[in-house]
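A.B. asks: Okay, here's the structure, questions in a sec.
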Amino acid sequence: MVFPTSIDQLTHAVLNASGADVEPRKRVIIESLIRHLHGLVSEVNLTLDELLAACRFLVDAGKISTGGRDEFVLIANILGVEVLVDMISHGPESQTAILGPMYRSEAPRLPTGANISRVRAPGEVQVFVEGYVTDVAGLPVNGATLEVWQASTNGLYDNEDPEQPDMNLRGLFETDAKGYYAFRCLRPTPYPIPDDGPGGRLLRILHRHPMRPAHIHFIVSAPARQPVISQLYDSDCKYIDNDSIFAVKPSLVLDFEPDNGTHGTDRYVRCDWRLPDANPQA
Ligand code: BEZ
Ligand code: FE
């Protein structure tokens, strides 16, 4: 029997302990995790107290992750990991952005032009959002689905706020034969990501603020096409180049123009979406 007597030998012993038939992708990921974790611990000379504090941090993240809250996704966001995954998966030129933890499936299906706001929000400014969904060749996509969601003017999504009706500020729209869609919503306002748990502790340790620039979330999808998970940003927001989770892409920053009475709202924004063909391997 050989016992590891050096850091390298220990790392190799842990790597070599796995069985022969581990599912290949899981082997790649977990072995890389082991190598990087061992590297990190060695690089910073981690103490036992620091290791136990890190474990407590993860336990606390688990404890607070109830009732729709997911602190681990939040921490991944704070550390830029979800944006990194998006960049690697779709490249910097794509229209994609991170999903974030506030998505809820089963938003109500609404007619073109409907308002996703079910109650008047204090200080609300209404926006008319419209645009066209096309394929990469620019041809209209008929019957594409757009799921949209946003926080209210108090910075909370419906699932975080008992004062809001269920599914407030969420809607599902469909394009017509020209690929056209439209809806009304609130002009989005900047808001803090939840910072009353371990994610907030991490921000404070790093002397960082929790604010996200004003945005509206989208998932645009259609049969035989890759869905685009995205966010549309208001160019006028003071946090536009200082997002707490690094998710802003220049191509998603748009001007919310005065509506001038055209749609009966205060502001107007046009946002077109291009849906790539379905991934042939999928
Ligand atoms: C959001 O944009 O909804 C969001 C993203 C990351 C953390 C929390 C919220
Ligand atoms: Fe959001």
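Every chain in the structure tokens takes a letter, A first, then B, and so on in the order presented; its residues are numbered from 1, and the ligands are numbered from 1 following the presented order.
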Find the residues around Ala278 (chain A) up to 12 Å (only C-alpha atoms counted), leave out those fewer than 2 positions away in its own chain, and share them as an MDAnalysis selection string.
C.D. replies: chainID A and resid 135:136 221:228 275:276 280:282
A.B. asks: Please produce an output containing N, CA and C atoms for each residue in the selection, written as a PDB file, in the first residue's frame.
C.D. replies:
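Produced file selection04.pdb, reproduced below:
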```pdb
ATOM      1  N   ASP A 135     -35.181  34.578 -38.310  1.00  0.00           N
ATOM      2  CA  ASP A 135     -34.087  33.603 -38.263  1.00  0.00           C
ATOM      3  C   ASP A 135     -32.795  34.343 -38.621  1.00  0.00           C
ATOM      4  N   VAL A 136     -31.685  33.615 -38.696  1.00  0.00           N
ATOM      5  CA  VAL A 136     -30.418  34.319 -38.929  1.00  0.00           C
ATOM      6  C   VAL A 136     -30.341  34.923 -40.328  1.00  0.00           C
ATOM      7  N   SER A 221     -38.261  31.747 -28.116  1.00  0.00           N
ATOM      8  CA  SER A 221     -38.060  30.377 -28.593  1.00  0.00           C
ATOM      9  C   SER A 221     -39.043  30.054 -29.712  1.00  0.00           C
ATOM     10  N   ALA A 222     -38.693  29.056 -30.506  1.00  0.00           N
ATOM     11  CA  ALA A 222     -39.576  28.589 -31.589  1.00  0.00           C
ATOM     12  C   ALA A 222     -39.144  27.187 -31.952  1.00  0.00           C
ATOM     13  N   PRO A 223     -40.089  26.376 -32.489  1.00  0.00           N
ATOM     14  CA  PRO A 223     -39.724  25.019 -32.878  1.00  0.00           C
ATOM     15  C   PRO A 223     -38.559  25.034 -33.868  1.00  0.00           C
ATOM     16  N   ALA A 224     -37.660  24.075 -33.730  1.00  0.00           N
ATOM     17  CA  ALA A 224     -36.503  23.903 -34.631  1.00  0.00           C
ATOM     18  C   ALA A 224     -35.518  25.071 -34.588  1.00  0.00           C
ATOM     19  N   ARG A 225     -35.550  25.849 -33.533  1.00  0.00           N
ATOM     20  CA  ARG A 225     -34.583  26.957 -33.383  1.00  0.00           C
ATOM     21  C   ARG A 225     -34.002  26.909 -31.975  1.00  0.00           C
ATOM     22  N   GLN A 226     -32.773  27.423 -31.866  1.00  0.00           N
ATOM     23  CA  GLN A 226     -32.207  27.545 -30.518  1.00  0.00           C
ATOM     24  C   GLN A 226     -32.905  28.676 -29.787  1.00  0.00           C
ATOM     25  N   PRO A 227     -33.317  28.479 -28.549  1.00  0.00           N
ATOM     26  CA  PRO A 227     -33.916  29.587 -27.811  1.00  0.00           C
ATOM     27  C   PRO A 227     -32.859  30.636 -27.483  1.00  0.00           C
ATOM     28  N   VAL A 228     -33.301  31.876 -27.374  1.00  0.00           N
ATOM     29  CA  VAL A 228     -32.411  32.948 -26.921  1.00  0.00           C
ATOM     30  C   VAL A 228     -32.896  33.409 -25.551  1.00  0.00           C
ATOM     31  N   LEU A 275     -33.188  34.258 -34.089  1.00  0.00           N
ATOM     32  CA  LEU A 275     -33.127  32.913 -33.497  1.00  0.00           C
ATOM     33  C   LEU A 275     -32.243  32.007 -34.353  1.00  0.00           C
ATOM     34  N   PRO A 276     -31.130  31.525 -33.815  1.00  0.00           N
ATOM     35  CA  PRO A 276     -30.284  30.600 -34.585  1.00  0.00           C
ATOM     36  C   PRO A 276     -31.008  29.293 -34.866  1.00  0.00           C
ATOM     37  N   PRO A 280     -27.471  21.147 -34.564  1.00  0.00           N
ATOM     38  CA  PRO A 280     -27.632  19.842 -35.220  1.00  0.00           C
ATOM     39  C   PRO A 280     -27.347  18.662 -34.284  1.00  0.00           C
ATOM     40  N   GLN A 281     -26.457  18.858 -33.279  1.00  0.00           N
ATOM     41  CA  GLN A 281     -26.141  17.742 -32.347  1.00  0.00           C
ATOM     42  C   GLN A 281     -27.256  17.508 -31.334  1.00  0.00           C
ATOM     43  N   ALA A 282     -28.142  18.539 -31.157  1.00  0.00           N
ATOM     44  CA  ALA A 282     -29.105  18.441 -30.057  1.00  0.00           C
ATOM     45  C   ALA A 282     -30.169  17.379 -30.336  1.00  0.00           C
TER      46      ALA A 282
END
```
A.B. asks: Report as number ranges by chain which protein, DNA and RNA residues come within 7 Å of ligand 1, using only C-alpha atoms and all ligand atoms.
C.D. replies: A: 74, 77, 100-102, 193-194, 212, 245
A.B. asks: Using only C-alpha atoms and all ligand atoms, what are the residues with an atom within 7 Å of ligand 2, set out as number ranges by chain?
C.D. replies: A: 100, 102, 150-151, 215-217
A.B. asks: Those residues with N, CA and C atoms, as a PDB file, in the first residue's frame please?
C.D. replies:
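Dumped to out_21.pdb:
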```
ATOM      1  N   GLY A 100     -30.649  34.087 -14.814  1.00  0.00           N
ATOM      2  CA  GLY A 100     -30.888  34.620 -13.455  1.00  0.00           C
ATOM      3  C   GLY A 100     -31.852  33.729 -12.701  1.00  0.00           C
ATOM      4  N   MET A 102     -34.757  34.429 -11.212  1.00  0.00           N
ATOM      5  CA  MET A 102     -36.143  34.871 -11.030  1.00  0.00           C
ATOM      6  C   MET A 102     -37.103  34.365 -12.105  1.00  0.00           C
ATOM      7  N   GLN A 150     -40.094  40.979 -15.401  1.00  0.00           N
ATOM      8  CA  GLN A 150     -39.340  42.114 -14.881  1.00  0.00           C
ATOM      9  C   GLN A 150     -39.698  42.351 -13.409  1.00  0.00           C
ATOM     10  N   ALA A 151     -38.816  43.084 -12.721  1.00  0.00           N
ATOM     11  CA  ALA A 151     -39.082  43.473 -11.326  1.00  0.00           C
ATOM     12  C   ALA A 151     -39.990  44.697 -11.324  1.00  0.00           C
ATOM     13  N   HIS A 215     -33.548  46.428 -16.402  1.00  0.00           N
ATOM     14  CA  HIS A 215     -33.607  45.444 -17.494  1.00  0.00           C
ATOM     15  C   HIS A 215     -34.952  44.733 -17.537  1.00  0.00           C
ATOM     16  N   ILE A 216     -35.226  44.145 -18.680  1.00  0.00           N
ATOM     17  CA  ILE A 216     -36.388  43.261 -18.872  1.00  0.00           C
ATOM     18  C   ILE A 216     -35.835  41.928 -19.360  1.00  0.00           C
ATOM     19  N   HIS A 217     -36.304  40.837 -18.746  1.00  0.00           N
ATOM     20  CA  HIS A 217     -35.843  39.498 -19.148  1.00  0.00           C
ATOM     21  C   HIS A 217     -36.682  38.954 -20.305  1.00  0.00           C
TER      22      HIS A 217
END
```
A.B. asks: Neighbouring residues of Pro108 (chain A) were defined as those with any atom within 12 Å, considering only C-alpha atoms; residues of the same chain fewer than 2 positions away were excluded. Please report them as a ChimeraX atom specification.
C.D. replies: /A:104-106,110-111,114-118,145-149,166-174
A.B. asks: DSSP on the backbone, then: every residue of region 38-242 of chain A marked strand (DSSP E or B), written as a count of residues only.
C.D. replies: 49
A.B. asks: Excluding Asp176 (chain A) and its own-chain neighbours fewer than 5 positions away, which residues fall within 10 Å of it when counting only C-alpha atoms? Please give them as JSON, numbers by chain.
C.D. replies: {"A": [112, 132, 133, 140, 141, 142, 143, 144, 181]}
A.B. asks: Neighbours of Ser18 (chain A) within 12 Å (only C-alpha atoms; same-chain residues fewer than 4 positions away dropped), as a PyMOL selection string?
C.D. replies: chain A and resi 12-14+22-24+26-28+30-31+34
A.B. asks: Which residues of region 25-127 of chain A sit at most 8 Å from region 196-203 of chain A, using only C-alpha atoms? Give each one's shortest atom pair and distance in Å (one decimal place), in chain and ascending residue order, as a tab-separated table.
C.D. replies:
```
residue	atom	partner	partner_atom	distance
A:Phe57	CA	A:Pro198	CA	6.3
A:Asp60	CA	A:Pro198	CA	6.6
A:Ala61	CA	A:Pro198	CA	5.8
A:Ile64	CA	A:Gly197	CA	7.0
A:Glu71	CA	A:Gly199	CA	6.7
A:Leu74	CA	A:Gly199	CA	6.5
A:Ile75	CA	A:Gly199	CA	5.3
A:Ile78	CA	A:Gly199	CA	7.3
```
A.B. asks: Could you pull the residues within 12 Å of region 255-271 of chain A, counting only C-alpha atoms, minus those fewer than 4 positions along the same chain, as a PDB file with C-alpha atoms, in the first residue's frame?
C.D. replies:
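So result.pdb came out as:
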```pdb
ATOM      1  CA  GLN A  95     -27.897  38.136 -28.215  1.00  0.00           C
ATOM      2  CA  GLY A 113     -49.827  44.542 -27.049  1.00  0.00           C
ATOM      3  CA  ALA A 114     -51.160  43.482 -23.604  1.00  0.00           C
ATOM      4  CA  ASN A 115     -49.774  44.946 -20.401  1.00  0.00           C
ATOM      5  CA  GLU A 124     -44.444  53.674 -12.694  1.00  0.00           C
ATOM      6  CA  VAL A 125     -43.495  54.747 -16.203  1.00  0.00           C
ATOM      7  CA  GLN A 126     -45.149  52.652 -18.929  1.00  0.00           C
ATOM      8  CA  VAL A 127     -43.215  51.355 -21.926  1.00  0.00           C
ATOM      9  CA  PHE A 128     -44.376  49.913 -25.222  1.00  0.00           C
ATOM     10  CA  VAL A 129     -41.956  47.194 -26.341  1.00  0.00           C
ATOM     11  CA  GLU A 130     -42.162  45.816 -29.872  1.00  0.00           C
ATOM     12  CA  GLY A 131     -40.070  44.142 -32.479  1.00  0.00           C
ATOM     13  CA  TYR A 132     -39.624  41.274 -34.890  1.00  0.00           C
ATOM     14  CA  VAL A 133     -38.312  37.769 -34.420  1.00  0.00           C
ATOM     15  CA  THR A 134     -36.383  36.474 -37.421  1.00  0.00           C
ATOM     16  CA  LEU A 146     -41.536  35.362 -26.024  1.00  0.00           C
ATOM     17  CA  TYR A 180     -44.048  40.759 -34.942  1.00  0.00           C
ATOM     18  CA  TYR A 181     -44.591  40.895 -31.177  1.00  0.00           C
ATOM     19  CA  ALA A 182     -45.517  43.704 -28.782  1.00  0.00           C
ATOM     20  CA  PHE A 183     -46.341  44.218 -25.118  1.00  0.00           C
ATOM     21  CA  ARG A 184     -46.633  46.933 -22.509  1.00  0.00           C
ATOM     22  CA  CYS A 185     -44.696  46.897 -19.258  1.00  0.00           C
ATOM     23  CA  LEU A 186     -43.030  49.165 -16.711  1.00  0.00           C
ATOM     24  CA  ARG A 187     -39.949  51.106 -17.629  1.00  0.00           C
ATOM     25  CA  PRO A 188     -37.528  48.921 -15.695  1.00  0.00           C
ATOM     26  CA  ALA A 214     -32.650  48.398 -15.290  1.00  0.00           C
ATOM     27  CA  HIS A 215     -33.607  45.444 -17.494  1.00  0.00           C
ATOM     28  CA  ILE A 216     -36.388  43.261 -18.872  1.00  0.00           C
ATOM     29  CA  PHE A 218     -36.708  37.532 -22.298  1.00  0.00           C
ATOM     30  CA  VAL A 220     -37.445  33.849 -27.172  1.00  0.00           C
ATOM     31  CA  SER A 230     -31.679  37.340 -22.804  1.00  0.00           C
ATOM     32  CA  GLN A 231     -32.168  40.702 -21.117  1.00  0.00           C
ATOM     33  CA  LEU A 232     -32.843  44.105 -22.623  1.00  0.00           C
ATOM     34  CA  TYR A 233     -31.184  47.067 -20.858  1.00  0.00           C
ATOM     35  CA  ASP A 234     -32.154  50.743 -20.591  1.00  0.00           C
ATOM     36  CA  SER A 235     -29.207  52.818 -21.881  1.00  0.00           C
ATOM     37  CA  ASP A 236     -30.195  55.646 -19.526  1.00  0.00           C
ATOM     38  CA  CYS A 237     -29.607  53.659 -16.308  1.00  0.00           C
ATOM     39  CA  ILE A 240     -25.469  50.305 -17.103  1.00  0.00           C
ATOM     40  CA  PRO A 250     -23.513  46.328 -25.640  1.00  0.00           C
ATOM     41  CA  SER A 251     -25.893  44.810 -28.215  1.00  0.00           C
TER      42      SER A 251
END
```
A.B. asks: Need the shell around Phe246 (chain A): protein/DNA/RNA residues with any atom at most 12 Å away, counting only C-alpha atoms. Skip same-chain ones fewer than 6 positions apart. Format as a PyMOL selection string?
C.D. replies: chain A and resi 76-84+86-87+97-98+100+210-213+239-240
A.B. asks: Take the residues from that selection and write them out as a CSV table (one decimal), in the first residue's frame, keeping all heavy atoms.
C.D. replies:
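Wrote it out as part27.csv, contents follow:
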```csv
chain,number,residue,atom,x,y,z
A,76,ALA,N,-23.2,32.2,-7.9
A,76,ALA,CA,-22.6,32.0,-9.3
A,76,ALA,C,-22.6,33.3,-10.1
A,76,ALA,O,-21.7,33.6,-10.8
A,76,ALA,CB,-23.2,30.8,-10.0
A,77,ASN,N,-23.7,34.0,-9.9
A,77,ASN,CA,-23.9,35.3,-10.6
A,77,ASN,C,-22.9,36.3,-10.1
A,77,ASN,O,-22.2,37.0,-10.8
A,77,ASN,CB,-25.3,35.8,-10.4
A,77,ASN,CG,-26.3,35.0,-11.2
A,77,ASN,OD1,-27.5,34.9,-10.7
A,77,ASN,ND2,-26.0,34.5,-12.3
A,78,ILE,N,-22.8,36.4,-8.8
A,78,ILE,CA,-21.9,37.4,-8.1
A,78,ILE,C,-20.4,37.1,-8.6
A,78,ILE,O,-19.6,38.1,-8.7
A,78,ILE,CB,-22.0,37.3,-6.6
A,78,ILE,CG1,-23.4,37.9,-6.2
A,78,ILE,CG2,-20.9,38.1,-5.9
A,78,ILE,CD1,-23.8,37.6,-4.8
A,79,LEU,N,-20.1,35.9,-8.8
A,79,LEU,CA,-18.7,35.5,-9.1
A,79,LEU,C,-18.5,35.5,-10.6
A,79,LEU,O,-17.5,35.1,-11.1
A,79,LEU,CB,-18.4,34.1,-8.5
A,79,LEU,CG,-18.3,34.1,-7.0
A,79,LEU,CD1,-18.0,32.7,-6.5
A,79,LEU,CD2,-17.3,35.1,-6.4
A,80,GLY,N,-19.6,35.9,-11.4
A,80,GLY,CA,-19.4,36.0,-12.9
A,80,GLY,C,-19.5,34.7,-13.6
A,80,GLY,O,-19.1,34.6,-14.7
A,81,VAL,N,-19.9,33.6,-12.8
A,81,VAL,CA,-19.8,32.3,-13.4
A,81,VAL,C,-20.9,32.0,-14.4
A,81,VAL,O,-20.6,31.4,-15.5
A,81,VAL,CB,-19.8,31.2,-12.3
A,81,VAL,CG1,-19.7,29.8,-12.9
A,81,VAL,CG2,-18.5,31.4,-11.4
A,82,GLU,N,-22.1,32.5,-14.2
A,82,GLU,CA,-23.1,32.3,-15.2
A,82,GLU,C,-22.9,33.0,-16.5
A,82,GLU,O,-23.1,32.6,-17.6
A,82,GLU,CB,-24.5,32.6,-14.6
A,82,GLU,CG,-25.7,32.0,-15.4
A,82,GLU,CD,-27.1,32.3,-14.9
A,82,GLU,OE1,-27.2,32.7,-13.8
A,82,GLU,OE2,-28.0,32.0,-15.7
A,83,VAL,N,-22.3,34.3,-16.3
A,83,VAL,CA,-21.9,35.0,-17.5
A,83,VAL,C,-20.8,34.3,-18.3
A,83,VAL,O,-20.9,34.2,-19.5
A,83,VAL,CB,-21.5,36.5,-17.2
A,83,VAL,CG1,-20.9,37.2,-18.4
A,83,VAL,CG2,-22.7,37.2,-16.6
A,84,LEU,N,-19.9,33.7,-17.6
A,84,LEU,CA,-18.8,33.0,-18.2
A,84,LEU,C,-19.4,31.8,-19.0
A,84,LEU,O,-19.0,31.5,-20.1
A,84,LEU,CB,-17.8,32.5,-17.1
A,84,LEU,CG,-16.6,31.7,-17.5
A,84,LEU,CD1,-15.7,32.5,-18.5
A,84,LEU,CD2,-15.8,31.3,-16.3
A,86,ASP,N,-22.3,31.5,-20.2
A,86,ASP,CA,-23.0,32.1,-21.4
A,86,ASP,C,-22.0,32.4,-22.5
A,86,ASP,O,-22.3,32.1,-23.7
A,86,ASP,CB,-23.9,33.3,-21.0
A,86,ASP,CG,-24.6,33.9,-22.2
A,86,ASP,OD1,-25.2,33.2,-22.9
A,86,ASP,OD2,-24.5,35.2,-22.3
A,87,MET,N,-20.9,33.1,-22.1
A,87,MET,CA,-19.9,33.5,-23.1
A,87,MET,C,-19.4,32.3,-23.8
A,87,MET,O,-19.2,32.3,-25.0
A,87,MET,CB,-18.8,34.2,-22.4
A,87,MET,CG,-19.0,35.7,-22.2
A,87,MET,SD,-17.4,36.3,-21.5
A,87,MET,CE,-18.0,38.0,-21.2
A,97,ALA,N,-28.1,36.4,-22.8
A,97,ALA,CA,-27.6,36.9,-21.5
A,97,ALA,C,-28.1,35.9,-20.5
A,97,ALA,O,-28.8,34.9,-20.8
A,97,ALA,CB,-28.2,38.3,-21.2
A,98,ILE,N,-27.7,36.0,-19.3
A,98,ILE,CA,-28.0,35.0,-18.3
A,98,ILE,C,-29.5,34.9,-17.9
A,98,ILE,O,-30.2,35.9,-18.1
A,98,ILE,CB,-27.2,35.2,-17.0
A,98,ILE,CG1,-27.6,36.5,-16.3
A,98,ILE,CG2,-25.7,35.2,-17.2
A,98,ILE,CD1,-27.4,36.4,-14.8
A,100,GLY,N,-30.6,34.1,-14.8
A,100,GLY,CA,-30.9,34.6,-13.5
A,100,GLY,C,-31.9,33.7,-12.7
A,100,GLY,O,-32.5,32.8,-13.3
A,210,PRO,N,-24.8,45.8,-4.6
A,210,PRO,CA,-25.6,44.7,-5.2
A,210,PRO,C,-26.5,45.1,-6.4
A,210,PRO,O,-27.3,44.3,-6.9
A,210,PRO,CB,-26.6,44.5,-4.0
A,210,PRO,CG,-26.7,45.8,-3.3
A,210,PRO,CD,-25.4,46.6,-3.5
A,211,MET,N,-26.3,46.3,-7.0
A,211,MET,CA,-27.3,46.8,-7.9
A,211,MET,C,-27.1,46.2,-9.3
A,211,MET,O,-26.0,46.0,-9.8
A,211,MET,CB,-27.1,48.4,-8.1
A,211,MET,CG,-27.4,49.1,-6.8
A,211,MET,SD,-29.0,48.8,-6.1
A,211,MET,CE,-30.1,49.5,-7.3
A,212,ARG,N,-28.3,46.0,-9.9
A,212,ARG,CA,-28.4,45.6,-11.3
A,212,ARG,C,-28.9,46.7,-12.1
A,212,ARG,O,-29.9,47.4,-11.7
A,212,ARG,CB,-29.3,44.4,-11.5
A,212,ARG,CG,-28.8,43.1,-10.9
A,212,ARG,CD,-29.0,41.9,-11.9
A,212,ARG,NE,-28.3,42.2,-13.1
A,212,ARG,CZ,-28.7,41.8,-14.3
A,212,ARG,NH1,-29.8,41.2,-14.5
A,212,ARG,NH2,-28.0,42.1,-15.4
A,213,PRO,N,-28.4,47.0,-13.3
A,213,PRO,CA,-29.0,48.0,-14.2
A,213,PRO,C,-30.4,47.6,-14.6
A,213,PRO,O,-30.8,46.4,-14.7
A,213,PRO,CB,-28.1,48.1,-15.4
A,213,PRO,CG,-27.3,46.8,-15.4
A,213,PRO,CD,-27.3,46.3,-14.0
A,239,TYR,N,-26.5,52.4,-13.7
A,239,TYR,CA,-25.7,51.2,-13.4
A,239,TYR,C,-25.3,50.4,-14.7
A,239,TYR,O,-24.9,49.3,-14.6
A,239,TYR,CB,-26.4,50.3,-12.4
A,239,TYR,CG,-26.5,50.9,-11.1
A,239,TYR,CD1,-27.7,51.5,-10.6
A,239,TYR,CD2,-25.5,50.9,-10.2
A,239,TYR,CE1,-27.8,52.0,-9.4
A,239,TYR,CE2,-25.5,51.4,-8.9
A,239,TYR,CZ,-26.7,52.0,-8.5
A,239,TYR,OH,-26.8,52.6,-7.3
A,240,ILE,N,-25.6,51.1,-15.9
A,240,ILE,CA,-25.5,50.3,-17.1
A,240,ILE,C,-24.1,49.7,-17.3
A,240,ILE,O,-23.9,48.6,-17.8
A,240,ILE,CB,-25.9,51.1,-18.3
A,240,ILE,CG1,-26.2,50.2,-19.5
A,240,ILE,CG2,-24.9,52.2,-18.7
A,240,ILE,CD1,-27.4,49.4,-19.4
```
A.B. asks: From the set A:Lys249, A:Cys55, A:Asp8, A:Ile219, which residue has the shortest atom-to-atom contact distance to Leu99 (chain A), counting only C-alpha atoms?
C.D. replies: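 Of the candidates, the smallest distance to Leu99 (chain A) is held by A:Ile219.
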A.B. asks: Report the residues of region 162-259 of chain A whose backbone DSSP state falls under alpha helix (DSSP H), written as a PyMOL selection string.
C.D. replies: chain A and resi 198-205
